[in-house]
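Beneath this line is the structure, given in structure tokens, with notes to follow.
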Amino acid sequence: METKVILDTMWVLITGMLVFFMNLGFAMVEAGFTRSKNTVNILSKNFIVFAVSSLSFWFIGWGLMFGNGSGFVGLEGLFGISGADNSPATGGEYQGVYSALSWATVPLMAKFFFQLVFAGTAATIVSGAVAERIKYLSFILFSFVIVGFIYPITGHWIWGGGWLAGLGFWDFAGSTVVHSVGGWAALAGVLILGPRMGRYKDGKVNPIPGHSMPLATIGAIVLWLGWFGFNPGSTMAADPEAIARICITTNSGAIAGLLSSTIIAWIFLGKPDLSMTINGCLAGLVAVTASCAYISVSSALIIGTTAGVLVVFAVSWFDRLRIDDPVGALSVHLVNGIFGTIALGLFAEDRFIANTTGNGLFFGGGFDLLIAQLTGVVAVGIFVFIVSLAAWYAIKSAFGLRVTKQEEYEGLDIGEHGMESYPEFSIASEHFSNVSLDK
Amino acid sequence: METKVILDTMWVLITGMLVFFMNLGFAMVEAGFTRSKNTVNILSKNFIVFAVSSLSFWFIGWGLMFGNGSGFVGLEGLFGISGADNSPATGGEYQGVYSALSWATVPLMAKFFFQLVFAGTAATIVSGAVAERIKYLSFILFSFVIVGFIYPITGHWIWGGGWLAGLGFWDFAGSTVVHSVGGWAALAGVLILGPRMGRYKDGKVNPIPGHSMPLATIGAIVLWLGWFGFNPGSTMAADPEAIARICITTNSGAIAGLLSSTIIAWIFLGKPDLSMTINGCLAGLVAVTASCAYISVSSALIIGTTAGVLVVFAVSWFDRLRIDDPVGALSVHLVNGIFGTIALGLFAEDRFIANTTGNGLFFGGGFDLLIAQLTGVVAVGIFVFIVSLAAWYAIKSAFGLRVTKQEEYEGLDIGEHGMESYPEFSIASEHFSNVSLDK
Amino acid sequence: METKVILDTMWVLITGMLVFFMNLGFAMVEAGFTRSKNTVNILSKNFIVFAVSSLSFWFIGWGLMFGNGSGFVGLEGLFGISGADNSPATGGEYQGVYSALSWATVPLMAKFFFQLVFAGTAATIVSGAVAERIKYLSFILFSFVIVGFIYPITGHWIWGGGWLAGLGFWDFAGSTVVHSVGGWAALAGVLILGPRMGRYKDGKVNPIPGHSMPLATIGAIVLWLGWFGFNPGSTMAADPEAIARICITTNSGAIAGLLSSTIIAWIFLGKPDLSMTINGCLAGLVAVTASCAYISVSSALIIGTTAGVLVVFAVSWFDRLRIDDPVGALSVHLVNGIFGTIALGLFAEDRFIANTTGNGLFFGGGFDLLIAQLTGVVAVGIFVFIVSLAAWYAIKSAFGLRVTKQEEYEGLDIGEHGMESYPEFSIASEHFSNVSLDK
């Protein structure tokens with residue numbers, strides 16, 4: 001028993017550290033895929049977002065998500081993890097107000113650390129979609145709100161013993177809990193903010209290339225590494241069979257998405273575009289996240305392949321709708337968060353972990369699981385989208401959301417932070433001003 | 001017993017690897033905060049410093065620090081870890097000359113690995129403060145001296161069973177042992193070297209912006225990650241309650257420092273300066289390092305908040321004194337290493353780990369602990385500063401410390417290494433020559 | 001028993017993740033050491049290569065390498081890891097077709113994960129040597145072939161219970177299995193491709209400096225970190241004494257190579273060239289990889305020192321032979337992979353792990369071990385070089401290997417990928433066109 005506590009705690013903390021490291025991954029992908037005149041702002045957002053998330057999740061989010069309460073929200077032990085808890089006691093011996101995690105054989109602070117790094121991810125996803133035009137303060141405020149309130153409430157429905165869990169909805173490591181929640185919140189923000197200046201001109205899409213492919217690639221590989229914490233760590237227990245298999249299903253999702261997006265881009269865009277390769281890899285990872293513990297390697301390859309195709313078409317689909325997402329966050333996290341959650345209803349197999357999902361549609365389980373998954377996707381989508389819209393509007397009316405045209409033209413680095421990201425380097429003027437001020 | 005050895009060894013090695021990775025963090029923060037004409041030199045220093053440290057700590061430092069001996073220095077098993085040792089035997093069963101670490105249930109080589117990566121950190125701290133003007137060879141020689149002699153002697157006082165440990169001085173993971181030691185040695189070097197050309201002109205402080213905020217941000221996040229090895233690993237045992245809690249107190253220090261420095265910079269400098277945000281985060285981490293095992297999360301938040309405020313004012317305070325520290329290393333590591341050591345005397349609580357620090361002043365423990373902490377701060381400061389001054393002078397008289405004016409003007413990359421960091425990129429000339437040669 | 005499975009699985013997975021992270025290291029070293037006009041291509045190659053390797057090793061490589069079969073190749077359980085296997089059962093209780101790894105107390109998927117990240121490394125080594133002139137598609141195809149067929153066959157000889165293992169040839173973590181195999185395959189490619197345009201002009205070597213030393217340094221430190229997974233993880237068991245000692249021998253190889261290459265470059269080239277320092281570090285790591293479990297720290301220091309000297313001279317030796325290797329991959333991985341394998345025959349000591357290598361020549365073991373090592377070096381070299389030549393020729397005749405002169409002159413980023421790595425930055429024209437189109 002004692003040894004199991006140590007083993008599980010080591011596993012949870014080390015994988016949690018890998019998930020923490022994903023902050024660097026998100027920062028670099030976003031910085032690399034955007035323009036140098038906004039780089040300080042993007043780095044600042046990605047750096048401060050985990051601090052804001054930590055504060056917000058500590059003060060309120062944790063309790064709303066994992067506190068005992070109703071099927072809708074946690075109501076006990078709300079502020080500052082103040083409730084009773086005798087972790088690492090489990091099952092019948094557990095006495096405390098965070099019963100939803102009483103199955104994990106680790107101390108309370110280990111549970112909090114692991115859940116905190118997940119909560120931070122949801123806020124970070126938003127950052128990329130609203131990049132290059134949002135006010136720094138307004139982004140910080142929304143981050144506080146999503147991690148303190150929005151993320152934990154839908155999280156409670158699923159991981160906190162709430163109504164979706166009761167309905168038979170499954171999401172192993174967070175295709176919905178983390179990724180599509182971040183995606184819906186981002187979509188609400190993007191719709192209110194509108195596209196960047198000059199992005200859609202005279203009925204055409206004006207490409208705005210990212211300023212540094214090395215940064216984007218650093219970010220992508222760091223995210224891939226972090227996902228070996230994100231998914232296998234979500235066992236919250238060092239179960240050898242499970243964690244080894246999840247490493248492989250996770251990797252299979254990544255490589256299949258990477259390859260299929262590259263091939264699709266090669267065929268349809270004429271060249272193997274690196275940004276599509278990167279987003280395909282991330283899309284595959286997002287898509288297997290819900291089901292990684294319950295599927296075979298072959299299923300993971302199919303899910304990943306589909307994700308890589310979806311992401312390429314989603315990027316141009318959003319552009320046709322004039323929804324401007326500088327880094328493809330919606331195509332990666334929203335579209336494939338949804339897809340991955342549904343895919344669990346198709347590909348899950350009972351044989352991997354007994355008494356969990358049962359079999360999905362493709363393995364003889366019928367439509368029950370699939371319907372539960374669809375219900376979750378819709379319910380979470382509606383809730384997060386509407387509450388996020390309200391939050392964005394509230395912040396807009398109080399502080400404004402978007403920087404001035406002049407500031408957007410000159411870059412947010414000077415406007416918001418009073419400094420440049422690369423003060424010594426000559427920036428080719430046609431790139432700096434690839435939009436005209438009069439739009 | 002055997003299982004405990006395995007668990008503790010895995011924990012020590014994995015956290016030690018994270019601390020090793022801090023070499024990348026320091027390299028990138030320093031490179032990002034300085035000018036591109038010196039980048040090869042800065043990368044070279046940060047890359048070679050761990051090699052020099054490894055050699056120096058292996059040959060002599062380890063024995064001076066952990067060998068049995070007097071209260072002042074280790075005297076047995078000095079060279080090349082040559083002494084008797086039957087680790088992982090512990091307590092009464094331990095037979096060997098490195099008794100100070102006989103409590104750790106890991107093999108000798110695991111102890112050495114973990115202590116080595118700490119020793120390397122002290123030398124790396126120096127690098128940032130003396131950047132952009134020190135000769136490569138002279139920096140290498142000082143690194144050998146600090147890791148071989150200075151760091152291990154004061155380390156012996158505290159972690160080697162020496163006189164400060166006997167006095168009731170506590171420093172869990174090295175606010176003093178590592179950070180303020182590195183800071184004092186750096187201060188001595190900076191005073192002898194003098195400020196960079198053109199830094200203080202006509203009575204004014206001439207800002208010299210760093211050349212790459214992405215590199216600095218990579219460095220900061222890698223350091224933050226590394227600190228999850230630095231502090232929780234300093235248990236040198238996989239104690240679930242302790243390591244989980246230290247992860248959270250460490251993170252709390254980081255986020256509080258990050259947020260308070262950002263707010264203070266926003267208020268007093270007008271904008272949320274990213275370099276202040278980064279240094280605030282590092283300051284918070286340094287400040288909780290001494291006490292992270294003995295304090296509550298609330299205390300960690302208070303310590304971190306204070307550290308973030310301190311670092312902003314320290315940066316301008318050093319500038320007013322014409323002490324030129326290109327990356328803020330003194331404000332981060334010296335000022336907050338001292339503050340964190342004192343804070344332990346204020347915030348420590350007996351309830352976390354029994355029979356260690358007892359309670360600090362704010363928790364009813366009276367002044368005893370605080371006085372011991374202050375004694376340690378002063379004693380270590382005086383010793384390290386004076387011996388470092390002597391070492392810097394010795395190196396100066398033998399090899400010279402500072403590059404020529406011509407070389408400093410053109411950059412150390414060409415002068416010291418015969419190569420450029422970014423040979424293909426156009427550097428805007430006003431930045432390259434933001435100081436004039438005739439000063 | 002159960003606890004041992006958990007411990008070993010955690011160790012294998014975590015160290016495997018570190019080896020996975022080496023993909024970032026290789027990407028950054030290669031990108032940093034080459035020109036910005038080819039950076040997107042280099043990042044793309046290094047990103048996709050692990051996906052191709054994963055697919056290829058899954059479908060066929062794993063079975064050829066570890067399936068039961070002849071001394072030459074695995075013949076059972078070939079496709080998609082389809083064979084019987086009751087891991088983590090070990091020894092006599094093991095029932096399955098992958099007997100060569102039946103000693104490892106971890107689940108099958110953990111074995112596969114760890115071996116996969118190794119296989120990926122071999123393909124990545126090739127990337128650097130053929131950089132700046134190879135077609136993207138052709139590189140992808142060769143990667144599939146080396147990981148699916150070439151690497152696993154020689155791997156079977158050594159780690160799969162094949163004829164070299166039977167002969168008494170030892171290679172603990174892959175100086176030969178991974179590094180020299182990658183090196184021989186790269187050499188074959190380089191010879192067929194020929195040097196880059198303008199590299200050797202009028203009988204002189206025309207230096208082509210890498211475009212970003214920060215990227216190269218990021219890569220080097222990430223690789224060093226990854227090696228703490230590569231070597232200590234190759235125990236595939238959390239044996240405290242062994243993994244702690246291997247951490248230190250690995251680090252000793254790195255630092256000795258780093259220091260000796262720096263000193264040699266300082267003496268012979270006049271300045272401490274950072275690229276030599278980096279390659280010296282990697283050379284030391286490659287060289288101790290074969291023997292790290294069987295040697296003393298002093299021996300590791302000697303091996304590393306020798307490797308650092310070898311790499312400096314190998315770089316100019318290859319240039320004299322007009323073998324153009326943009327990043328020094330041959331000098332690092334081929335030359336020191338060979339040297340490290342031979343060094344095991346000289347420095348191995350029986351006292352570290354009983355019943356393995358026995359003593360090498362320098363420790364009274366006579367010439368037997370050394371002769372076995374030399375036999376392996378020669379046999380693997382001949383096989384890999386010839387099969388690789390055939391594979392490169394086959395790909396060349398079907399798809400072509402080298403981009404057009406026009407494309408090579410303008411850069412592969414536009415030609416192969418239709419995008420730029422740094423679209424906003426001004427590139428000094430003399431660097432962009434440091435070769436003339438008419439060669």
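Chains: A, B, ... in order of the structure tokens. Residues: from 1 per chain. Ligands: from 1, in order shown.
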
message: If the cut-off is 6 Å, can you tell me the residues of chain C near chain B, counting only C-alpha atoms? I'd like them as a ChimeraX atom specification.
response: /C:211-213,240-241,244-245,255,271-273,426-428,431

Those in segment 29-138 of chain B with alpha helix (DSSP H) from DSSP, as number ranges by chain: B: 29-32, 39-56, 62-66, 108-129, 136-138

- prompt: Which is closer to Val190 of chain A than all the others in A:Cys281, A:Leu321, A:Ala104, A:Leu141, using only C-alpha atoms?
  reply: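 Nearest candidate to Val190 of chain A out of A:Cys281, A:Leu321, A:Ala104, A:Leu141: A:Leu321.
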
- request: Might you pull out every residue within 6 Å of Gly148 of chain A, with only C-alpha atoms counted and same-chain residues fewer than 3 positions away left off, and present them as a ChimeraX atom specification?
  value: /A:56-57,60-61,144-145

task: Kindly give the distance, in Å, that separates atom CA of Ser388 of chain C and atom CA of Gly183 of chain C, rounded to a single decimal.
output: 10.6 Å

Gap from atom CA of Val117 of chain A to atom CA of Phe230 of chain A - Å, one decimal: 9.2 Å
